[in-house]
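Participant: Provided herewith: target-v7.txt, compact mmCIF, C-alpha atoms and all ligand atoms.
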```txt
# COMPACT_ATOMS: atom_id res chain seq x y z
CA MET A 230 70.07 45.14 -56.84
CA THR A 231 70.59 46.69 -53.42
CA LYS A 232 67.36 47.65 -51.73
CA VAL A 233 66.42 51.31 -51.67
CA GLN A 234 66.32 52.58 -48.08
CA PHE A 235 63.27 54.77 -47.61
CA GLY A 236 62.81 57.45 -44.97
CA VAL A 237 59.34 58.82 -44.27
CA LEU A 238 58.53 62.51 -43.82
CA GLY A 239 55.15 62.80 -42.12
CA THR A 240 53.24 60.02 -40.39
CA SER A 241 50.01 60.58 -42.32
CA ARG A 242 47.11 58.16 -42.47
CA VAL A 243 47.94 57.07 -46.02
CA ALA A 244 51.58 56.55 -45.00
CA GLU A 245 50.55 54.17 -42.22
CA LYS A 246 47.68 52.48 -44.02
CA SER A 247 49.17 51.99 -47.48
CA VAL A 248 52.64 53.30 -48.27
CA MET A 249 54.75 52.05 -45.36
CA PRO A 250 53.22 48.54 -45.73
CA ALA A 251 54.01 48.73 -49.46
CA ILE A 252 57.62 49.79 -48.82
CA LEU A 253 57.93 46.82 -46.47
CA SER A 254 56.31 44.35 -48.87
CA SER A 255 58.39 45.40 -51.88
CA GLU A 256 61.46 43.29 -52.50
CA LYS A 257 63.22 46.39 -53.77
CA SER A 258 62.87 48.70 -50.77
CA GLU A 259 63.30 48.87 -47.02
CA LEU A 260 61.83 51.13 -44.40
CA GLY A 261 64.96 52.79 -43.02
CA MET A 262 63.70 55.66 -40.86
CA ILE A 263 60.50 57.40 -39.75
CA GLY A 264 60.40 61.20 -39.48
CA SER A 265 57.74 63.20 -37.70
CA ARG A 266 57.44 66.71 -36.27
CA ASN A 267 56.65 64.95 -33.03
CA PRO A 268 59.49 62.66 -31.79
CA GLU A 269 57.10 60.54 -29.70
CA LYS A 270 54.89 59.90 -32.70
CA ALA A 271 57.96 59.02 -34.79
CA ALA A 272 59.02 56.47 -32.16
CA GLU A 273 55.54 55.03 -31.88
CA VAL A 274 55.10 54.59 -35.65
CA ALA A 275 58.63 53.21 -36.04
CA LYS A 276 57.89 50.59 -33.38
CA LYS A 277 54.61 49.66 -35.05
CA PHE A 278 56.43 49.00 -38.35
CA GLY A 279 59.48 47.29 -36.84
CA CYS A 280 61.79 50.12 -37.84
CA ASP A 281 64.58 50.95 -35.39
CA SER A 282 65.40 54.42 -36.64
CA PHE A 283 63.28 57.54 -36.13
CA GLY A 284 63.58 61.29 -35.60
CA THR A 285 62.60 64.62 -37.10
CA TYR A 286 62.29 65.33 -40.82
CA GLU A 287 65.76 66.94 -40.66
CA ASP A 288 67.18 63.82 -38.99
CA VAL A 289 65.88 61.70 -41.88
CA LEU A 290 67.51 64.01 -44.45
CA ARG A 291 70.81 63.94 -42.53
CA ASN A 292 70.84 60.13 -42.36
CA LYS A 293 73.42 58.86 -44.87
CA GLU A 294 71.81 55.39 -44.93
CA ILE A 295 68.64 56.83 -46.46
CA ASP A 296 68.47 56.82 -50.28
CA ALA A 297 64.93 58.07 -50.83
CA VAL A 298 62.15 59.75 -48.91
CA TYR A 299 58.41 59.33 -49.02
CA ILE A 300 56.93 62.80 -48.44
CA SER A 301 53.40 62.58 -47.11
CA LEU A 302 52.46 66.09 -46.05
CA PRO A 303 49.44 68.29 -46.68
CA PRO A 304 49.71 69.80 -50.19
CA ALA A 305 50.87 73.26 -49.04
CA PHE A 306 54.00 71.86 -47.35
CA GLN A 307 55.29 69.38 -49.90
CA GLU A 308 57.43 71.75 -51.98
CA GLU A 309 59.59 72.87 -49.04
CA TRP A 310 60.47 69.28 -48.12
CA ALA A 311 60.84 68.07 -51.69
CA ILE A 312 63.46 70.75 -52.24
CA LYS A 313 65.23 70.05 -48.94
CA ALA A 314 65.24 66.33 -49.78
CA ALA A 315 66.76 66.94 -53.22
CA GLU A 316 69.39 69.23 -51.72
CA ALA A 317 70.21 66.45 -49.26
CA GLY A 318 70.70 64.08 -52.21
CA LYS A 319 67.58 61.97 -51.57
CA HIS A 320 65.24 60.68 -54.27
CA ALA A 321 61.63 61.50 -53.46
CA TYR A 322 58.23 59.86 -53.76
CA ILE A 323 55.92 62.80 -53.11
CA GLU A 324 52.25 62.37 -52.32
CA LYS A 325 49.80 63.83 -54.78
CA PRO A 326 49.54 66.70 -55.48
CA ALA A 327 53.34 66.91 -55.56
CA ALA A 328 52.92 70.56 -56.54
CA THR A 329 49.82 72.70 -56.67
CA LEU A 330 51.43 75.39 -58.84
CA TYR A 331 53.51 75.05 -62.00
CA ALA A 332 56.20 77.39 -60.63
CA SER A 333 56.48 75.17 -57.57
CA ALA A 334 56.84 72.03 -59.72
CA LYS A 335 59.54 73.77 -61.77
CA ARG A 336 61.54 74.63 -58.63
CA MET A 337 61.23 71.07 -57.35
CA VAL A 338 62.22 69.44 -60.64
CA GLU A 339 65.09 71.87 -61.21
CA THR A 340 66.51 71.14 -57.75
CA ALA A 341 66.12 67.39 -58.23
CA ARG A 342 67.87 67.48 -61.61
CA LYS A 343 70.67 69.67 -60.25
CA ASN A 344 71.26 67.20 -57.43
CA ASN A 345 70.95 64.14 -59.66
CA VAL A 346 68.01 62.63 -57.81
CA ARG A 347 64.64 61.33 -59.03
CA LEU A 348 61.24 62.65 -58.10
CA ILE A 349 57.92 60.85 -58.59
CA GLU A 350 54.37 61.97 -57.82
CA GLY A 351 52.25 59.54 -55.83
CA LEU A 352 49.49 59.08 -58.40
CA MET A 353 49.65 55.40 -57.58
CA PHE A 354 46.37 54.39 -59.23
CA ARG A 355 48.12 54.47 -62.62
CA TYR A 356 50.07 51.36 -61.57
CA HIS A 357 46.99 49.21 -61.07
CA PRO A 358 46.98 46.48 -63.78
CA GLN A 359 43.50 47.56 -64.90
CA ASN A 360 45.02 50.68 -66.47
CA ALA A 361 47.59 48.65 -68.40
CA ARG A 362 44.63 46.70 -69.82
CA ALA A 363 42.75 49.93 -70.67
CA LYS A 364 45.84 51.31 -72.44
CA GLU A 365 46.23 48.02 -74.31
CA LEU A 366 42.61 48.12 -75.53
CA ILE A 367 43.18 51.69 -76.72
CA ARG A 368 46.49 50.81 -78.41
CA GLU A 369 44.97 47.79 -80.16
CA GLY A 370 42.19 50.00 -81.56
CA VAL A 371 39.39 48.14 -79.75
CA LEU A 372 37.85 51.49 -78.76
CA GLY A 373 38.40 52.98 -82.21
CA GLU A 374 39.20 56.66 -82.27
CA LEU A 375 39.02 58.23 -78.80
CA LEU A 376 36.35 60.87 -78.30
CA GLN A 377 35.78 61.50 -74.62
CA PHE A 378 36.92 60.78 -71.07
CA GLU A 379 34.79 61.12 -67.97
CA GLY A 380 36.15 60.69 -64.45
CA CYS A 381 34.90 61.38 -60.95
CA PHE A 382 36.33 61.03 -57.45
CA GLY A 383 34.09 62.00 -54.57
CA PHE A 384 33.15 60.97 -51.06
CA ALA A 385 31.35 62.12 -47.92
CA MET A 386 32.15 65.56 -46.48
CA PRO A 387 35.40 65.31 -44.44
CA GLU A 388 35.48 66.33 -40.78
CA LYS A 389 36.21 70.03 -40.29
CA GLU A 390 39.48 69.38 -38.41
CA THR A 391 41.15 67.39 -41.21
CA ASN A 392 43.79 68.88 -43.51
CA MET A 393 41.35 68.31 -46.37
CA MET A 394 39.24 71.16 -44.95
CA ARG A 395 42.14 73.49 -43.98
CA GLN A 396 42.84 76.22 -46.52
CA GLU A 397 46.31 76.96 -45.10
CA ALA A 398 47.28 73.29 -45.54
CA GLY A 399 46.27 73.30 -49.20
CA GLY A 400 42.99 71.52 -48.51
CA GLY A 401 40.02 71.28 -50.85
CA CYS A 402 38.64 68.60 -53.10
CA LEU A 403 40.62 69.66 -56.17
CA ASN A 404 43.97 69.03 -54.42
CA TYR A 405 42.80 65.95 -52.56
CA CYS A 406 40.48 64.31 -55.15
CA GLY A 407 40.29 66.22 -58.45
CA VAL A 408 43.94 65.53 -59.25
CA TYR A 409 43.06 61.85 -59.89
CA PRO A 410 40.59 62.24 -62.79
CA ILE A 411 42.82 65.00 -64.25
CA ALA A 412 45.80 62.61 -64.18
CA ALA A 413 43.64 59.78 -65.55
CA SER A 414 42.59 61.90 -68.55
CA ARG A 415 46.25 62.71 -69.28
CA MET A 416 47.10 59.01 -68.96
CA VAL A 417 44.27 57.86 -71.27
CA PHE A 418 44.95 60.44 -73.99
CA GLN A 419 48.76 60.20 -73.52
CA GLU A 420 49.10 63.96 -73.93
CA GLU A 421 48.65 67.24 -72.08
CA PRO A 422 45.41 69.26 -72.28
CA ILE A 423 45.25 72.34 -74.54
CA SER A 424 42.75 74.30 -72.46
CA VAL A 425 40.58 73.90 -69.38
CA TYR A 426 37.39 75.33 -67.93
CA CYS A 427 36.57 74.83 -64.27
CA LYS A 428 33.66 75.57 -62.01
CA LEU A 429 34.59 75.52 -58.32
CA ASN A 430 32.21 75.53 -55.41
CA ILE A 431 33.79 77.10 -52.33
CA ASP A 432 32.67 76.28 -48.81
CA ALA A 433 32.03 79.65 -47.11
CA GLU A 434 33.14 78.51 -43.65
CA SER A 435 36.45 76.79 -44.46
CA GLY A 436 37.28 78.62 -47.70
CA VAL A 437 38.20 75.35 -49.46
CA ASP A 438 36.63 74.05 -52.67
CA THR A 439 34.18 71.22 -52.08
CA GLU A 440 32.95 70.67 -55.66
CA THR A 441 35.02 70.95 -58.84
CA ARG A 442 33.74 70.33 -62.33
CA ILE A 443 36.38 70.55 -65.03
CA LEU A 444 36.23 70.40 -68.81
CA LEU A 445 39.58 69.71 -70.46
CA GLU A 446 40.18 70.03 -74.18
CA PHE A 447 42.76 67.73 -75.79
CA SER A 448 44.01 67.58 -79.38
CA GLY A 449 41.62 66.78 -82.21
CA GLY A 450 38.60 67.90 -80.16
CA LYS A 451 38.95 65.10 -77.60
CA THR A 452 37.32 66.16 -74.35
CA ALA A 453 37.55 65.16 -70.70
CA PHE A 454 35.12 65.88 -67.93
CA ALA A 455 36.82 65.51 -64.55
CA SER A 456 34.82 66.14 -61.40
CA SER A 457 35.45 65.78 -57.69
CA TYR A 458 33.32 66.22 -54.62
CA PHE A 459 33.48 66.49 -50.87
CA GLY A 460 29.96 65.48 -49.86
CA SER A 461 28.88 63.12 -52.65
CA TYR A 462 27.81 59.51 -52.93
CA TYR A 463 31.13 57.61 -53.17
CA GLN A 464 32.63 57.74 -56.67
CA SER A 465 36.04 56.53 -57.87
CA THR A 466 35.58 55.93 -61.55
CA TYR A 467 36.49 56.77 -65.10
CA ALA A 468 35.07 55.91 -68.49
CA VAL A 469 36.39 56.30 -72.02
CA LEU A 470 34.27 56.56 -75.13
CA GLY A 471 35.63 55.82 -78.57
CA THR A 472 34.08 55.44 -82.02
CA LYS A 473 33.83 51.65 -81.58
CA ALA A 474 33.46 50.92 -77.87
CA HIS A 475 33.16 52.26 -74.33
CA ILE A 476 35.01 51.19 -71.19
CA ARG A 477 34.21 51.97 -67.58
CA MET A 478 36.19 51.18 -64.47
CA LYS A 479 34.16 50.23 -61.43
CA ARG A 480 36.84 51.43 -59.03
CA ALA A 481 39.60 53.55 -60.55
CA TYR A 482 41.59 55.56 -57.98
CA ALA A 483 41.49 54.44 -54.36
CA VAL A 484 41.65 50.68 -54.83
CA PRO A 485 42.38 48.70 -51.64
CA SER A 486 45.06 46.05 -52.17
CA ASN A 487 42.64 43.25 -51.28
CA MET A 488 39.90 44.38 -53.64
CA GLU A 489 39.00 42.70 -56.90
CA THR A 490 38.20 45.32 -59.57
CA LYS A 491 36.20 45.26 -62.77
CA MET A 492 36.23 46.96 -66.13
CA PHE A 493 33.11 46.97 -68.29
CA LEU A 494 33.81 46.82 -72.01
CA ASP A 495 30.72 47.81 -73.97
CA LYS A 496 31.13 46.83 -77.63
CA ASP A 497 28.81 45.60 -80.38
CA ASP A 498 25.85 45.81 -78.02
CA LYS A 499 27.44 43.39 -75.53
CA VAL A 500 28.93 44.31 -72.14
CA GLU A 501 31.95 42.23 -71.20
CA GLU A 502 33.00 42.24 -67.55
CA ILE A 503 36.79 42.07 -67.22
CA VAL A 504 37.83 41.11 -63.69
CA PHE A 505 41.18 42.04 -62.15
CA PRO A 506 42.47 40.20 -59.09
CA PRO A 507 43.52 42.30 -56.10
CA ALA A 508 46.73 44.28 -56.66
CA ASP A 509 48.71 46.73 -54.54
CA HIS A 510 49.24 49.74 -56.81
CA PHE A 511 51.38 51.43 -54.14
CA ARG A 512 53.83 48.52 -54.16
CA LEU A 513 53.84 48.30 -57.94
CA MET A 514 54.75 51.98 -58.11
CA ILE A 515 57.47 51.62 -55.48
CA ASP A 516 58.89 48.58 -57.31
CA GLU A 517 59.18 50.54 -60.54
CA PHE A 518 60.57 53.66 -58.86
CA CYS A 519 63.31 51.61 -57.17
CA GLU A 520 64.19 49.91 -60.46
CA GLU A 521 64.47 53.28 -62.21
CA ILE A 522 66.61 54.70 -59.39
CA ALA A 523 68.95 51.73 -59.86
CA LYS A 524 69.22 52.40 -63.60
CA GLY A 525 70.55 55.90 -62.95
CA ALA A 526 71.13 57.88 -66.14
CA ALA A 527 69.90 54.92 -68.23
CA SER A 528 66.35 55.36 -66.92
CA GLU A 529 63.89 56.33 -69.64
CA LYS A 530 60.98 57.18 -67.36
CA ASP A 531 60.12 60.87 -67.36
CA TYR A 532 58.70 61.14 -63.84
CA GLU A 533 59.78 64.75 -63.58
CA GLY A 534 58.13 65.76 -66.88
CA ASP A 535 54.97 64.14 -65.58
CA VAL A 536 55.13 66.19 -62.34
CA LEU A 537 55.44 69.33 -64.47
CA GLY A 538 52.56 68.36 -66.78
CA GLN A 539 50.22 67.55 -63.92
CA ALA A 540 51.08 70.76 -62.01
CA ARG A 541 50.60 72.88 -65.11
CA ALA A 542 47.13 71.41 -65.71
CA LEU A 543 46.26 71.86 -62.03
CA GLN A 544 47.31 75.50 -62.05
CA ALA A 545 45.31 76.18 -65.24
CA VAL A 546 42.27 74.60 -63.59
CA LYS A 547 42.70 76.81 -60.51
CA LEU A 548 43.06 79.94 -62.64
CA SER A 549 39.94 79.02 -64.61
CA GLY A 550 37.99 78.38 -61.41
CA LYS A 551 39.07 81.73 -60.00
CA GLU A 552 38.47 83.81 -63.12
CA GLY A 553 35.48 81.90 -64.54
CA ARG A 554 36.91 81.56 -68.06
CA VAL A 555 38.60 79.09 -70.34
CA VAL A 556 42.36 78.99 -69.66
CA ASN A 557 44.83 77.91 -72.33
CA LEU A 558 47.70 75.86 -70.88
CA LEU A 559 50.15 78.13 -72.70
CA GLU A 560 49.10 80.93 -70.33
CA VAL A 561 50.63 78.99 -67.43
CA GLU A 562 54.36 79.60 -67.31
N1 LIG B 601 47.65 58.30 -52.37
C1 LIG B 601 46.60 58.23 -51.57
O1 LIG B 601 45.84 57.26 -51.57
C2 LIG B 601 46.35 59.34 -50.60
C3 LIG B 601 45.34 59.23 -49.66
C4 LIG B 601 45.18 60.28 -48.75
C5 LIG B 601 45.98 61.39 -48.80
N2 LIG B 601 46.96 61.47 -49.76
C6 LIG B 601 47.86 62.62 -49.82
O2 LIG B 601 48.74 62.50 -48.71
C7 LIG B 601 49.07 63.80 -48.19
C8 LIG B 601 48.72 63.83 -46.73
O3 LIG B 601 47.33 63.66 -46.59
P1 LIG B 601 46.54 64.26 -45.32
O4 LIG B 601 46.87 65.70 -45.17
O5 LIG B 601 45.13 63.84 -45.41
O6 LIG B 601 47.26 63.40 -44.21
P2 LIG B 601 47.14 63.39 -42.65
O7 LIG B 601 46.77 62.03 -42.24
O8 LIG B 601 46.30 64.52 -42.18
O9 LIG B 601 48.66 63.60 -42.24
C9 LIG B 601 49.45 64.63 -42.72
C10 LIG B 601 50.77 64.54 -42.01
O10 LIG B 601 51.55 65.65 -42.41
C11 LIG B 601 52.42 66.03 -41.36
N3 LIG B 601 52.40 67.51 -41.24
C12 LIG B 601 53.47 68.32 -41.40
N4 LIG B 601 53.16 69.59 -41.24
C13 LIG B 601 51.84 69.61 -40.95
C14 LIG B 601 50.95 70.66 -40.61
N5 LIG B 601 51.33 71.94 -40.56
N6 LIG B 601 49.67 70.34 -40.35
C15 LIG B 601 49.26 69.05 -40.40
N7 LIG B 601 50.08 68.01 -40.70
C16 LIG B 601 51.37 68.29 -40.96
C17 LIG B 601 51.95 65.31 -40.12
O11 LIG B 601 52.93 64.31 -39.84
P3 LIG B 601 53.83 64.38 -38.52
O12 LIG B 601 52.92 64.83 -37.42
O13 LIG B 601 54.29 63.00 -38.38
O14 LIG B 601 54.94 65.34 -38.81
C18 LIG B 601 50.66 64.62 -40.51
O15 LIG B 601 50.51 63.36 -39.94
C19 LIG B 601 48.27 64.80 -49.02
O16 LIG B 601 49.10 65.42 -49.95
C20 LIG B 601 47.19 63.97 -49.69
O17 LIG B 601 46.79 64.49 -50.93
C21 LIG B 601 47.17 60.46 -50.65
```
Using the file provided, produce a representation of the structure as structure tokens.
Facilitator:
Amino acid sequence: MTKVQFGVLGTSRVAEKSVMPAILSSEKSELGMIGSRNPEKAAEVAKKFGCDSFGTYEDVLRNKEIDAVYISLPPAFQEEWAIKAAEAGKHAYIEKPAATLYASAKRMVETARKNNVRLIEGLMFRYHPQNARAKELIREGVLGELLQFEGCFGFAMPEKETNMMRQEAGGGCLNYCGVYPIAASRMVFQEEPISVYCKLNIDAESGVDTETRILLEFSGGKTAFASSYFGSYYQSTYAVLGTKAHIRMKRAYAVPSNMETKMFLDKDDKVEEIVFPPADHFRLMIDEFCEEIAKGAASEKDYEGDVLGQARALQAVKLSGKEGRVVNLLEVE
């Protein structure tokens, strides 16, 4: 298999800390070019990662050697570049949230399909082996019938100058944090929610949401509670309750590649600690994405359907938060 040549759009912190190292460590990809709005920054980052090609975002899209791009921009700017990338014939790994509105996700997916390129959302945590184990326990019936999901991602209040606190950049804890427990509930139940109710707390000064509490209804009365906070004690967890057992992840979303993780399986009045050795979920996701790109039309992974499902849930949550009522997913078109 020839290695997928990745170009980077946006020298964000996560790009430098996690994704570029993962592209370099994968045996299926190479770091082909760095793109930044600032040419000096592009050169500096390229040098740091031993990459000899750099330029603007447009330069990356014009580069015929580049097969795929990693788009790492604030949420409000991702759609524009995802569409430009697809039109330039590049596959795209787009940071979460790939789209903050369903209509935006539809435009992105439509353009990707028209141009015969793949598009994946960077919800990398799903590739950590601990989730494969959780899904296995569910599939084997160890948890019994599923009843409820509970997930939370929260951390200290970000600095005012960061994109997380800028309304015009698509900041706010729902876009930056809440998307993880929402995606985890969809992953655990293996289906899309029917309706959602959301309570948002808006910071008066910045205008962004800093607390989001979401109730999602799934089929058969299954329920998820997904919350996220700017300004909380650190949380990165999810738990699943079934008729026969309960599981809880100690560290579910932002898992450093050198960190051992644990799952607690509570069954028959005994708590079993299942330990997972360190794993790089970014690299595991890149490995799979490259393999699926290589398969072409034979790929059976529905990355694009997943982008649509996540964006639809996210938009329903936003509508509920704004209007203070339960929103049925069918209302979001
Ligand atoms: N998967 C994860 O673990 C993880 C972690 C953190 C963040 N994220 C996601 O990654 C994305 C970026 O996160 P962030 O915003 O916190 O990153 P950031 O470190 O603030 O960097 C964002 C980058 O976007 C580029 N950019 C383009 N237009 C911009 C504008 N108008 N204003 C500011 N930056 C602009 C800049 O790159 P250039 O200057 O090089 O053009 C900048 O370095 C978000 O979608 C976020 O949700 C994912």
Participant: Smallest atom-to-atom distance to A:Phe511: which of A:Gln234, A:Thr240, A:Thr340, A:Ser254, using all atoms listed in the file?
Facilitator: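 Answer, going by the shortest atom-to-atom distance: A:Ser254.
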Participant: Neighbours of ligand LIG 601 (chain B) within 9 Å, counting only C-alpha atoms and all ligand atoms, as a PyMOL selection string?
Facilitator: chain A and resi 237-245+247-248+263-268+270-271+274+285-286+300-307+323-327+351-354+391-393+395+397-400+404-406+408+482-484+511
Participant: Calculated over all atoms listed in the file, which of the candidates A:Glu379, A:Asp438, A:Glu421, A:Asp535 has the smallest distance to A:Tyr467?
Facilitator: A:Glu379
Participant: Just the residues within 12 Å of A:Glu517, please, counting all atoms listed in the file, with nothing from its chain fewer than 3 positions along; format it as an MDAnalysis selection string.
Facilitator: chainID A and resid 233 252 255:258 322 349 353 355:356 510:514 520:524 528:530 532
Participant: How would you write as a PyMOL selection string the residues that get within 12 Å of (48.3, 80.7, -65.3) in the file's frame, counting all atoms listed in the file?
Facilitator: chain A and resi 329-332+424-425+540-552+554-562
Participant: Under the rule that all atoms listed in the file are counted, which of A:Leu348, A:Cys402, A:Met230, A:Met262 is the nearest residue to A:Asp281?
Facilitator: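 So, comparing all the options, the nearest one is A:Met262.
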Participant: Figure out the distance between atom CA of A:Gly449 and atom CA of A:Lys473, please, to one decimal in Å.
Facilitator: 17.0 Å
Participant: Using only C-alpha atoms, which of the listed residues (A:Glu259, A:Asp495, A:Glu273, A:Glu440) sits closest to A:Lys428?
Facilitator: A:Glu440
